[in-house]
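One file, upload06.txt, carrying compact mmCIF, N, CA and C atoms:
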```txt
# COMPACT_ATOMS: atom_id res chain seq x y z
N MET Y 1 109.25 93.75 103.69
CA MET Y 1 109.24 92.47 104.36
C MET Y 1 110.07 92.50 105.63
N GLU Y 2 111.23 93.18 105.57
CA GLU Y 2 112.08 93.25 106.76
C GLU Y 2 111.42 94.06 107.87
N LYS Y 3 110.71 95.11 107.48
CA LYS Y 3 110.03 95.94 108.47
C LYS Y 3 108.91 95.16 109.15
N ASN Y 4 108.20 94.33 108.39
CA ASN Y 4 107.14 93.52 108.98
C ASN Y 4 107.71 92.50 109.96
N LEU Y 5 108.84 91.90 109.61
CA LEU Y 5 109.46 90.94 110.50
C LEU Y 5 109.96 91.60 111.77
N GLU Y 6 110.50 92.80 111.62
CA GLU Y 6 110.96 93.55 112.80
C GLU Y 6 109.79 93.91 113.71
N ASN Y 7 108.69 94.36 113.14
CA ASN Y 7 107.49 94.67 113.93
C ASN Y 7 106.95 93.42 114.62
N PHE Y 8 106.97 92.28 113.91
CA PHE Y 8 106.51 91.03 114.49
C PHE Y 8 107.36 90.64 115.70
N ILE Y 9 108.66 90.74 115.58
CA ILE Y 9 109.55 90.35 116.68
C ILE Y 9 109.36 91.26 117.88
N ILE Y 10 109.23 92.55 117.64
CA ILE Y 10 109.02 93.49 118.74
C ILE Y 10 107.69 93.23 119.43
N CYS Y 11 106.63 93.08 118.65
CA CYS Y 11 105.30 92.87 119.23
C CYS Y 11 105.19 91.54 119.96
N ILE Y 12 105.77 90.49 119.41
CA ILE Y 12 105.66 89.19 120.07
C ILE Y 12 106.49 89.15 121.35
N SER Y 13 107.62 89.86 121.38
CA SER Y 13 108.40 89.88 122.61
C SER Y 13 107.70 90.68 123.70
N ILE Y 14 107.10 91.82 123.36
CA ILE Y 14 106.33 92.59 124.34
C ILE Y 14 105.14 91.77 124.82
N SER Y 15 104.51 91.04 123.92
CA SER Y 15 103.36 90.22 124.27
C SER Y 15 103.75 89.12 125.25
N ILE Y 16 104.82 88.43 124.99
CA ILE Y 16 105.24 87.33 125.86
C ILE Y 16 105.62 87.86 127.24
N ILE Y 17 106.35 88.97 127.29
CA ILE Y 17 106.76 89.53 128.58
C ILE Y 17 105.53 89.99 129.37
N SER Y 18 104.64 90.70 128.73
CA SER Y 18 103.46 91.22 129.40
C SER Y 18 102.54 90.10 129.88
N LEU Y 19 102.32 89.10 129.04
CA LEU Y 19 101.47 87.98 129.44
C LEU Y 19 102.08 87.20 130.60
N SER Y 20 103.38 86.97 130.57
CA SER Y 20 104.00 86.18 131.63
C SER Y 20 103.97 86.93 132.97
N ILE Y 21 104.22 88.24 132.95
CA ILE Y 21 104.16 89.02 134.19
C ILE Y 21 102.72 89.06 134.72
N GLY Y 22 101.76 89.28 133.84
CA GLY Y 22 100.36 89.33 134.25
C GLY Y 22 99.86 88.03 134.82
N ILE Y 23 100.20 86.92 134.18
CA ILE Y 23 99.78 85.61 134.69
C ILE Y 23 100.46 85.29 136.01
N TYR Y 24 101.72 85.68 136.16
CA TYR Y 24 102.42 85.46 137.42
C TYR Y 24 101.71 86.17 138.57
N TYR Y 25 101.35 87.45 138.36
CA TYR Y 25 100.69 88.20 139.42
C TYR Y 25 99.28 87.70 139.69
N VAL Y 26 98.55 87.27 138.69
CA VAL Y 26 97.21 86.73 138.92
C VAL Y 26 97.31 85.48 139.78
N ARG Y 27 98.23 84.59 139.47
CA ARG Y 27 98.40 83.38 140.28
C ARG Y 27 98.86 83.72 141.69
N LYS Y 28 99.74 84.70 141.82
CA LYS Y 28 100.24 85.10 143.14
C LYS Y 28 99.11 85.66 144.00
N TYR Y 29 98.29 86.53 143.42
CA TYR Y 29 97.20 87.14 144.18
C TYR Y 29 96.11 86.13 144.51
N LYS Y 30 95.87 85.15 143.65
CA LYS Y 30 94.86 84.14 143.95
C LYS Y 30 95.33 83.22 145.08
N GLU Y 31 96.63 82.93 145.14
CA GLU Y 31 97.15 82.10 146.23
C GLU Y 31 97.08 82.82 147.56
N GLU Y 32 97.31 84.12 147.56
CA GLU Y 32 97.31 84.91 148.80
C GLU Y 32 95.93 85.40 149.20
N ASN Y 33 94.92 85.14 148.38
CA ASN Y 33 93.57 85.66 148.61
C ASN Y 33 93.61 87.18 148.75
N TYR Y 34 94.26 87.81 147.82
CA TYR Y 34 94.54 89.25 147.85
C TYR Y 34 93.45 89.99 147.10
N LYS Y 35 92.30 90.12 147.70
CA LYS Y 35 91.20 90.85 147.08
C LYS Y 35 91.00 92.16 147.83
N PRO Y 36 91.18 93.30 147.17
CA PRO Y 36 91.03 94.58 147.87
C PRO Y 36 89.59 94.85 148.26
N GLU Y 37 89.43 95.62 149.33
CA GLU Y 37 88.10 95.97 149.82
C GLU Y 37 87.72 97.37 149.37
N TYR Y 38 86.45 97.56 149.05
CA TYR Y 38 85.96 98.86 148.60
C TYR Y 38 85.06 99.47 149.67
N GLY Y 39 85.13 100.77 149.83
CA GLY Y 39 84.19 101.49 150.68
C GLY Y 39 84.35 101.23 152.16
N VAL Y 40 85.52 100.89 152.62
CA VAL Y 40 85.75 100.64 154.03
C VAL Y 40 86.16 101.95 154.71
N LYS Y 41 85.58 102.24 155.85
CA LYS Y 41 85.90 103.47 156.58
C LYS Y 41 87.29 103.33 157.20
N ARG Y 42 88.18 104.27 156.90
CA ARG Y 42 89.53 104.29 157.46
C ARG Y 42 89.71 105.54 158.30
N TYR Y 43 90.72 105.52 159.16
CA TYR Y 43 90.92 106.63 160.09
C TYR Y 43 91.96 107.64 159.63
N SER Y 44 92.77 107.29 158.64
CA SER Y 44 93.75 108.26 158.15
C SER Y 44 93.83 108.19 156.63
N ASN Y 45 94.35 109.24 156.05
CA ASN Y 45 94.50 109.28 154.60
C ASN Y 45 95.50 108.25 154.10
N LEU Y 46 96.50 107.96 154.91
CA LEU Y 46 97.50 106.96 154.51
C LEU Y 46 96.87 105.59 154.30
N ASP Y 47 95.89 105.24 155.13
CA ASP Y 47 95.20 103.96 154.95
C ASP Y 47 94.39 103.94 153.66
N TYR Y 48 93.81 105.08 153.30
CA TYR Y 48 93.10 105.17 152.02
C TYR Y 48 94.07 105.01 150.84
N TYR Y 49 95.25 105.60 150.96
CA TYR Y 49 96.24 105.46 149.90
C TYR Y 49 96.72 104.01 149.78
N LYS Y 50 96.86 103.33 150.90
CA LYS Y 50 97.26 101.92 150.87
C LYS Y 50 96.19 101.08 150.17
N ASP Y 51 94.91 101.36 150.49
CA ASP Y 51 93.83 100.64 149.82
C ASP Y 51 93.82 100.92 148.32
N GLY Y 52 94.07 102.17 147.95
CA GLY Y 52 94.11 102.51 146.52
C GLY Y 52 95.24 101.79 145.81
N PHE Y 53 96.38 101.69 146.45
CA PHE Y 53 97.50 100.98 145.85
C PHE Y 53 97.19 99.50 145.70
N LYS Y 54 96.51 98.91 146.68
CA LYS Y 54 96.12 97.50 146.58
C LYS Y 54 95.17 97.27 145.41
N ILE Y 55 94.23 98.18 145.25
CA ILE Y 55 93.26 98.05 144.15
C ILE Y 55 93.98 98.16 142.81
N LEU Y 56 94.88 99.15 142.68
CA LEU Y 56 95.61 99.32 141.42
C LEU Y 56 96.52 98.13 141.13
N SER Y 57 97.18 97.60 142.14
CA SER Y 57 98.08 96.47 141.90
C SER Y 57 97.30 95.21 141.58
N TYR Y 58 96.10 95.07 142.12
CA TYR Y 58 95.28 93.89 141.83
C TYR Y 58 94.82 93.89 140.38
N TYR Y 59 94.37 95.05 139.91
CA TYR Y 59 93.87 95.11 138.54
C TYR Y 59 94.96 95.34 137.50
N ARG Y 60 96.16 95.68 137.95
CA ARG Y 60 97.28 95.82 137.03
C ARG Y 60 97.60 94.49 136.35
N SER Y 61 97.45 93.40 137.07
CA SER Y 61 97.76 92.10 136.49
C SER Y 61 96.80 91.76 135.35
N TYR Y 62 95.54 92.10 135.51
CA TYR Y 62 94.58 91.87 134.43
C TYR Y 62 94.83 92.80 133.25
N ALA Y 63 95.26 94.01 133.54
CA ALA Y 63 95.59 94.94 132.46
C ALA Y 63 96.81 94.46 131.67
N LEU Y 64 97.79 93.87 132.35
CA LEU Y 64 98.96 93.34 131.66
C LEU Y 64 98.58 92.18 130.74
N ILE Y 65 97.66 91.34 131.18
CA ILE Y 65 97.20 90.24 130.33
C ILE Y 65 96.48 90.79 129.10
N PHE Y 66 95.66 91.80 129.29
CA PHE Y 66 94.95 92.42 128.17
C PHE Y 66 95.94 93.05 127.19
N ILE Y 67 96.93 93.76 127.70
CA ILE Y 67 97.93 94.40 126.84
C ILE Y 67 98.74 93.34 126.09
N GLY Y 68 99.07 92.24 126.77
CA GLY Y 68 99.80 91.16 126.11
C GLY Y 68 99.00 90.53 124.97
N ALA Y 69 97.70 90.33 125.20
CA ALA Y 69 96.85 89.78 124.15
C ALA Y 69 96.72 90.77 122.99
N LEU Y 70 96.64 92.04 123.31
CA LEU Y 70 96.54 93.07 122.27
C LEU Y 70 97.81 93.10 121.42
N PHE Y 71 98.97 93.05 122.03
CA PHE Y 71 100.21 93.04 121.27
C PHE Y 71 100.38 91.75 120.49
N PHE Y 72 99.82 90.65 120.98
CA PHE Y 72 99.86 89.41 120.21
C PHE Y 72 99.05 89.56 118.93
N LEU Y 73 97.91 90.23 119.02
CA LEU Y 73 97.11 90.49 117.80
C LEU Y 73 97.85 91.42 116.86
N PHE Y 74 98.55 92.41 117.41
CA PHE Y 74 99.36 93.30 116.57
C PHE Y 74 100.47 92.51 115.86
N ALA Y 75 101.06 91.55 116.57
CA ALA Y 75 102.13 90.74 115.97
C ALA Y 75 101.58 89.90 114.84
N LEU Y 76 100.37 89.35 115.02
CA LEU Y 76 99.78 88.55 113.94
C LEU Y 76 99.45 89.40 112.71
N THR Y 77 98.99 90.63 112.96
CA THR Y 77 98.67 91.47 111.81
C THR Y 77 99.93 92.02 111.14
N ALA Y 78 101.05 92.05 111.85
CA ALA Y 78 102.29 92.52 111.26
C ALA Y 78 102.84 91.52 110.24
N LEU Y 79 102.45 90.26 110.39
CA LEU Y 79 102.92 89.25 109.43
C LEU Y 79 102.23 89.36 108.09
N PHE Y 80 101.00 89.86 108.08
CA PHE Y 80 100.25 89.90 106.83
C PHE Y 80 100.14 91.26 106.24
```

The structure in this file should be written as structure tokens.
Amino acid sequence: MEKNLENFIICISISIISLSIGIYYVRKYKEENYKPEYGVKRYSNLDYYKDGFKILSYYRSYALIFIGALFFLFALTALF
């Protein structure tokens, strides 16, 4: 019983942190109209790396929400 409660507390805390960070970034990117562009011709490799970083940071927020929801399900199953 103690191990289940410990797993629940760990999973629910990771879930809350991940969901809050993910929702914060989704709202931030929607306010800034921060949508990365695909397939744009650039003149240097550094510009391609900047575009790649924008794409990864844009979808990182959705991945954090998914991970938070997944850990929330883990927390619910730890109770039973």

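Interatomic distance, atom CA of Ile14 of chain Y to atom CA of Val26 of chain Y: 18.2 Å.
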
Need the neighbours of (100.7, 88.1, 135.3): which residues are at most 10 Å away, counting only C-alpha atoms, as a PDB file with N, CA and C atoms, keeping the file's coordinate frame?
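Below is the file that was written, point-v7.pdb:
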```
ATOM      1  N   ILE Y  17     106.350  88.970 127.290  1.00  0.00           N
ATOM      2  CA  ILE Y  17     106.760  89.530 128.580  1.00  0.00           C
ATOM      3  C   ILE Y  17     105.530  89.990 129.370  1.00  0.00           C
ATOM      4  N   SER Y  18     104.640  90.700 128.730  1.00  0.00           N
ATOM      5  CA  SER Y  18     103.460  91.220 129.400  1.00  0.00           C
ATOM      6  C   SER Y  18     102.540  90.100 129.880  1.00  0.00           C
ATOM      7  N   LEU Y  19     102.320  89.100 129.040  1.00  0.00           N
ATOM      8  CA  LEU Y  19     101.470  87.980 129.440  1.00  0.00           C
ATOM      9  C   LEU Y  19     102.080  87.200 130.600  1.00  0.00           C
ATOM     10  N   SER Y  20     103.380  86.970 130.570  1.00  0.00           N
ATOM     11  CA  SER Y  20     104.000  86.180 131.630  1.00  0.00           C
ATOM     12  C   SER Y  20     103.970  86.930 132.970  1.00  0.00           C
ATOM     13  N   ILE Y  21     104.220  88.240 132.950  1.00  0.00           N
ATOM     14  CA  ILE Y  21     104.160  89.020 134.190  1.00  0.00           C
ATOM     15  C   ILE Y  21     102.720  89.060 134.720  1.00  0.00           C
ATOM     16  N   GLY Y  22     101.760  89.280 133.840  1.00  0.00           N
ATOM     17  CA  GLY Y  22     100.360  89.330 134.250  1.00  0.00           C
ATOM     18  C   GLY Y  22      99.860  88.030 134.820  1.00  0.00           C
ATOM     19  N   ILE Y  23     100.200  86.920 134.180  1.00  0.00           N
ATOM     20  CA  ILE Y  23      99.780  85.610 134.690  1.00  0.00           C
ATOM     21  C   ILE Y  23     100.460  85.290 136.010  1.00  0.00           C
ATOM     22  N   TYR Y  24     101.720  85.680 136.160  1.00  0.00           N
ATOM     23  CA  TYR Y  24     102.420  85.460 137.420  1.00  0.00           C
ATOM     24  C   TYR Y  24     101.710  86.170 138.570  1.00  0.00           C
ATOM     25  N   TYR Y  25     101.350  87.450 138.360  1.00  0.00           N
ATOM     26  CA  TYR Y  25     100.690  88.200 139.420  1.00  0.00           C
ATOM     27  C   TYR Y  25      99.280  87.700 139.690  1.00  0.00           C
ATOM     28  N   VAL Y  26      98.550  87.270 138.690  1.00  0.00           N
ATOM     29  CA  VAL Y  26      97.210  86.730 138.920  1.00  0.00           C
ATOM     30  C   VAL Y  26      97.310  85.480 139.780  1.00  0.00           C
ATOM     31  N   ARG Y  27      98.230  84.590 139.470  1.00  0.00           N
ATOM     32  CA  ARG Y  27      98.400  83.380 140.280  1.00  0.00           C
ATOM     33  C   ARG Y  27      98.860  83.720 141.690  1.00  0.00           C
ATOM     34  N   LYS Y  28      99.740  84.700 141.820  1.00  0.00           N
ATOM     35  CA  LYS Y  28     100.240  85.100 143.140  1.00  0.00           C
ATOM     36  C   LYS Y  28      99.110  85.660 144.000  1.00  0.00           C
ATOM     37  N   TYR Y  29      98.290  86.530 143.420  1.00  0.00           N
ATOM     38  CA  TYR Y  29      97.200  87.140 144.180  1.00  0.00           C
ATOM     39  C   TYR Y  29      96.110  86.130 144.510  1.00  0.00           C
ATOM     40  N   ARG Y  60      96.160  95.680 137.950  1.00  0.00           N
ATOM     41  CA  ARG Y  60      97.280  95.820 137.030  1.00  0.00           C
ATOM     42  C   ARG Y  60      97.600  94.490 136.350  1.00  0.00           C
ATOM     43  N   SER Y  61      97.450  93.400 137.070  1.00  0.00           N
ATOM     44  CA  SER Y  61      97.760  92.100 136.490  1.00  0.00           C
ATOM     45  C   SER Y  61      96.800  91.760 135.350  1.00  0.00           C
ATOM     46  N   TYR Y  62      95.540  92.100 135.510  1.00  0.00           N
ATOM     47  CA  TYR Y  62      94.580  91.870 134.430  1.00  0.00           C
ATOM     48  C   TYR Y  62      94.830  92.800 133.250  1.00  0.00           C
ATOM     49  N   ALA Y  63      95.260  94.010 133.540  1.00  0.00           N
ATOM     50  CA  ALA Y  63      95.590  94.940 132.460  1.00  0.00           C
ATOM     51  C   ALA Y  63      96.810  94.460 131.670  1.00  0.00           C
ATOM     52  N   LEU Y  64      97.790  93.870 132.350  1.00  0.00           N
ATOM     53  CA  LEU Y  64      98.960  93.340 131.660  1.00  0.00           C
ATOM     54  C   LEU Y  64      98.580  92.180 130.740  1.00  0.00           C
ATOM     55  N   ILE Y  65      97.660  91.340 131.180  1.00  0.00           N
ATOM     56  CA  ILE Y  65      97.200  90.240 130.330  1.00  0.00           C
ATOM     57  C   ILE Y  65      96.480  90.790 129.100  1.00  0.00           C
ATOM     58  N   GLY Y  68      99.070  92.240 126.770  1.00  0.00           N
ATOM     59  CA  GLY Y  68      99.800  91.160 126.110  1.00  0.00           C
ATOM     60  C   GLY Y  68      99.000  90.530 124.970  1.00  0.00           C
TER      61      GLY Y  68
END
```

Taking only chain Y into account, list the residues labelled helix (DSSP H, G or I) by DSSP (computed from the backbone), as an NGL selection string. :Y and (2-32 or 45-79)

Between atom CA of Phe8 of chain Y and atom N of Leu76 of chain Y, what is the spacing in Å? 6.4 Å

Which polymer residues have any atom within 8 Å of an atom of Ile10 of chain Y, counting only N, CA and C atoms, with same-chain residues fewer than 6 positions away left out, as a ChimeraX atom specification? /Y:4,16,71,75

Go ahead and write the residues just picked, N, CA and C atoms, as a PDB file, in the frame of the given file.
```
ATOM      1  N   ASN Y   4     108.200  94.330 108.390  1.00  0.00           N
ATOM      2  CA  ASN Y   4     107.140  93.520 108.980  1.00  0.00           C
ATOM      3  C   ASN Y   4     107.710  92.500 109.960  1.00  0.00           C
ATOM      4  N   ILE Y  16     104.820  88.430 124.990  1.00  0.00           N
ATOM      5  CA  ILE Y  16     105.240  87.330 125.860  1.00  0.00           C
ATOM      6  C   ILE Y  16     105.620  87.860 127.240  1.00  0.00           C
ATOM      7  N   PHE Y  71      98.970  93.050 122.030  1.00  0.00           N
ATOM      8  CA  PHE Y  71     100.210  93.040 121.270  1.00  0.00           C
ATOM      9  C   PHE Y  71     100.380  91.750 120.490  1.00  0.00           C
ATOM     10  N   ALA Y  75     101.060  91.550 116.570  1.00  0.00           N
ATOM     11  CA  ALA Y  75     102.130  90.740 115.970  1.00  0.00           C
ATOM     12  C   ALA Y  75     101.580  89.900 114.840  1.00  0.00           C
TER      13      ALA Y  75
END
```

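In this structure, atom CA of Glu32 of chain Y sits 24.8 Å away from atom C of Ser15 of chain Y.
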
Complete segment 21-32 of chain Y with all heavy atoms (output as a PDB file, in the coordinates of the input).
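And here is the file that came out, result.pdb:
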```
ATOM      1  N   ILE Y  21     104.220  88.240 132.950  1.00  0.00           N
ATOM      2  CA  ILE Y  21     104.160  89.020 134.190  1.00  0.00           C
ATOM      3  C   ILE Y  21     102.720  89.060 134.720  1.00  0.00           C
ATOM      4  O   ILE Y  21     102.480  88.898 135.917  1.00  0.00           O
ATOM      5  CB  ILE Y  21     104.717  90.435 133.973  1.00  0.00           C
ATOM      6  CG1 ILE Y  21     106.221  90.375 133.736  1.00  0.00           C
ATOM      7  CG2 ILE Y  21     104.422  91.321 135.180  1.00  0.00           C
ATOM      8  CD1 ILE Y  21     106.829  91.696 133.321  1.00  0.00           C
ATOM      9  N   GLY Y  22     101.760  89.280 133.840  1.00  0.00           N
ATOM     10  CA  GLY Y  22     100.360  89.330 134.250  1.00  0.00           C
ATOM     11  C   GLY Y  22      99.860  88.030 134.820  1.00  0.00           C
ATOM     12  O   GLY Y  22      99.202  87.999 135.866  1.00  0.00           O
ATOM     13  N   ILE Y  23     100.200  86.920 134.180  1.00  0.00           N
ATOM     14  CA  ILE Y  23      99.780  85.610 134.690  1.00  0.00           C
ATOM     15  C   ILE Y  23     100.460  85.290 136.010  1.00  0.00           C
ATOM     16  O   ILE Y  23      99.848  84.720 136.915  1.00  0.00           O
ATOM     17  CB  ILE Y  23     100.049  84.525 133.622  1.00  0.00           C
ATOM     18  CG1 ILE Y  23      99.081  84.715 132.457  1.00  0.00           C
ATOM     19  CG2 ILE Y  23      99.905  83.129 134.208  1.00  0.00           C
ATOM     20  CD1 ILE Y  23      99.363  83.848 131.271  1.00  0.00           C
ATOM     21  N   TYR Y  24     101.720  85.680 136.160  1.00  0.00           N
ATOM     22  CA  TYR Y  24     102.420  85.460 137.420  1.00  0.00           C
ATOM     23  C   TYR Y  24     101.710  86.170 138.570  1.00  0.00           C
ATOM     24  O   TYR Y  24     101.475  85.589 139.635  1.00  0.00           O
ATOM     25  CB  TYR Y  24     103.874  85.957 137.313  1.00  0.00           C
ATOM     26  CG  TYR Y  24     104.583  86.013 138.644  1.00  0.00           C
ATOM     27  CD1 TYR Y  24     105.023  84.857 139.257  1.00  0.00           C
ATOM     28  CD2 TYR Y  24     104.776  87.234 139.290  1.00  0.00           C
ATOM     29  CE1 TYR Y  24     105.658  84.911 140.492  1.00  0.00           C
ATOM     30  CE2 TYR Y  24     105.406  87.297 140.508  1.00  0.00           C
ATOM     31  CZ  TYR Y  24     105.849  86.130 141.112  1.00  0.00           C
ATOM     32  OH  TYR Y  24     106.468  86.195 142.326  1.00  0.00           O
ATOM     33  N   TYR Y  25     101.350  87.450 138.360  1.00  0.00           N
ATOM     34  CA  TYR Y  25     100.690  88.200 139.420  1.00  0.00           C
ATOM     35  C   TYR Y  25      99.280  87.700 139.690  1.00  0.00           C
ATOM     36  O   TYR Y  25      98.834  87.705 140.841  1.00  0.00           O
ATOM     37  CB  TYR Y  25     100.681  89.690 139.124  1.00  0.00           C
ATOM     38  CG  TYR Y  25     101.967  90.366 139.487  1.00  0.00           C
ATOM     39  CD1 TYR Y  25     102.780  90.927 138.517  1.00  0.00           C
ATOM     40  CD2 TYR Y  25     102.378  90.437 140.801  1.00  0.00           C
ATOM     41  CE1 TYR Y  25     103.970  91.538 138.851  1.00  0.00           C
ATOM     42  CE2 TYR Y  25     103.563  91.049 141.149  1.00  0.00           C
ATOM     43  CZ  TYR Y  25     104.357  91.599 140.177  1.00  0.00           C
ATOM     44  OH  TYR Y  25     105.526  92.201 140.518  1.00  0.00           O
ATOM     45  N   VAL Y  26      98.550  87.270 138.690  1.00  0.00           N
ATOM     46  CA  VAL Y  26      97.210  86.730 138.920  1.00  0.00           C
ATOM     47  C   VAL Y  26      97.310  85.480 139.780  1.00  0.00           C
ATOM     48  O   VAL Y  26      96.555  85.313 140.748  1.00  0.00           O
ATOM     49  CB  VAL Y  26      96.503  86.428 137.580  1.00  0.00           C
ATOM     50  CG1 VAL Y  26      95.297  85.545 137.788  1.00  0.00           C
ATOM     51  CG2 VAL Y  26      96.085  87.716 136.910  1.00  0.00           C
ATOM     52  N   ARG Y  27      98.230  84.590 139.470  1.00  0.00           N
ATOM     53  CA  ARG Y  27      98.400  83.380 140.280  1.00  0.00           C
ATOM     54  C   ARG Y  27      98.860  83.720 141.690  1.00  0.00           C
ATOM     55  O   ARG Y  27      98.409  83.106 142.656  1.00  0.00           O
ATOM     56  CB  ARG Y  27      99.385  82.440 139.600  1.00  0.00           C
ATOM     57  CG  ARG Y  27      98.841  81.911 138.270  1.00  0.00           C
ATOM     58  CD  ARG Y  27      99.789  80.990 137.610  1.00  0.00           C
ATOM     59  NE  ARG Y  27      99.783  79.738 138.366  1.00  0.00           N
ATOM     60  CZ  ARG Y  27     100.724  78.818 138.261  1.00  0.00           C
ATOM     61  NH1 ARG Y  27     101.736  79.006 137.443  1.00  0.00           N
ATOM     62  NH2 ARG Y  27     100.648  77.715 138.953  1.00  0.00           N
ATOM     63  N   LYS Y  28      99.740  84.700 141.820  1.00  0.00           N
ATOM     64  CA  LYS Y  28     100.240  85.100 143.140  1.00  0.00           C
ATOM     65  C   LYS Y  28      99.110  85.660 144.000  1.00  0.00           C
ATOM     66  O   LYS Y  28      98.971  85.313 145.170  1.00  0.00           O
ATOM     67  CB  LYS Y  28     101.343  86.143 142.979  1.00  0.00           C
ATOM     68  CG  LYS Y  28     101.903  86.647 144.269  1.00  0.00           C
ATOM     69  CD  LYS Y  28     102.944  87.721 144.029  1.00  0.00           C
ATOM     70  CE  LYS Y  28     103.347  88.372 145.323  1.00  0.00           C
ATOM     71  NZ  LYS Y  28     104.204  89.522 145.121  1.00  0.00           N
ATOM     72  N   TYR Y  29      98.290  86.530 143.420  1.00  0.00           N
ATOM     73  CA  TYR Y  29      97.200  87.140 144.180  1.00  0.00           C
ATOM     74  C   TYR Y  29      96.110  86.130 144.510  1.00  0.00           C
ATOM     75  O   TYR Y  29      95.466  86.229 145.540  1.00  0.00           O
ATOM     76  CB  TYR Y  29      96.612  88.321 143.433  1.00  0.00           C
ATOM     77  CG  TYR Y  29      97.546  89.498 143.317  1.00  0.00           C
ATOM     78  CD1 TYR Y  29      97.499  90.340 142.223  1.00  0.00           C
ATOM     79  CD2 TYR Y  29      98.482  89.767 144.300  1.00  0.00           C
ATOM     80  CE1 TYR Y  29      98.351  91.424 142.109  1.00  0.00           C
ATOM     81  CE2 TYR Y  29      99.343  90.850 144.192  1.00  0.00           C
ATOM     82  CZ  TYR Y  29      99.268  91.666 143.099  1.00  0.00           C
ATOM     83  OH  TYR Y  29     100.116  92.733 143.003  1.00  0.00           O
ATOM     84  N   LYS Y  30      95.870  85.150 143.650  1.00  0.00           N
ATOM     85  CA  LYS Y  30      94.860  84.140 143.950  1.00  0.00           C
ATOM     86  C   LYS Y  30      95.330  83.220 145.080  1.00  0.00           C
ATOM     87  O   LYS Y  30      94.522  82.779 145.898  1.00  0.00           O
ATOM     88  CB  LYS Y  30      94.533  83.337 142.703  1.00  0.00           C
ATOM     89  CG  LYS Y  30      93.692  84.103 141.733  1.00  0.00           C
ATOM     90  CD  LYS Y  30      93.020  83.201 140.753  1.00  0.00           C
ATOM     91  CE  LYS Y  30      92.364  84.025 139.688  1.00  0.00           C
ATOM     92  NZ  LYS Y  30      90.995  84.310 139.964  1.00  0.00           N
ATOM     93  N   GLU Y  31      96.630  82.930 145.140  1.00  0.00           N
ATOM     94  CA  GLU Y  31      97.150  82.100 146.230  1.00  0.00           C
ATOM     95  C   GLU Y  31      97.080  82.820 147.560  1.00  0.00           C
ATOM     96  O   GLU Y  31      96.822  82.217 148.593  1.00  0.00           O
ATOM     97  CB  GLU Y  31      98.598  81.697 145.946  1.00  0.00           C
ATOM     98  CG  GLU Y  31      98.752  80.686 144.857  1.00  0.00           C
ATOM     99  CD  GLU Y  31     100.203  80.422 144.504  1.00  0.00           C
ATOM    100  OE1 GLU Y  31     101.099  81.025 145.127  1.00  0.00           O
ATOM    101  OE2 GLU Y  31     100.434  79.596 143.595  1.00  0.00           O
ATOM    102  N   GLU Y  32      97.310  84.120 147.560  1.00  0.00           N
ATOM    103  CA  GLU Y  32      97.310  84.910 148.800  1.00  0.00           C
ATOM    104  C   GLU Y  32      95.930  85.400 149.200  1.00  0.00           C
ATOM    105  O   GLU Y  32      95.774  86.008 150.245  1.00  0.00           O
ATOM    106  CB  GLU Y  32      98.239  86.116 148.647  1.00  0.00           C
ATOM    107  CG  GLU Y  32      99.684  85.781 148.491  1.00  0.00           C
ATOM    108  CD  GLU Y  32     100.539  87.013 148.293  1.00  0.00           C
ATOM    109  OE1 GLU Y  32      99.988  88.134 148.297  1.00  0.00           O
ATOM    110  OE2 GLU Y  32     101.749  86.847 148.125  1.00  0.00           O
TER     111      GLU Y  32
END
```
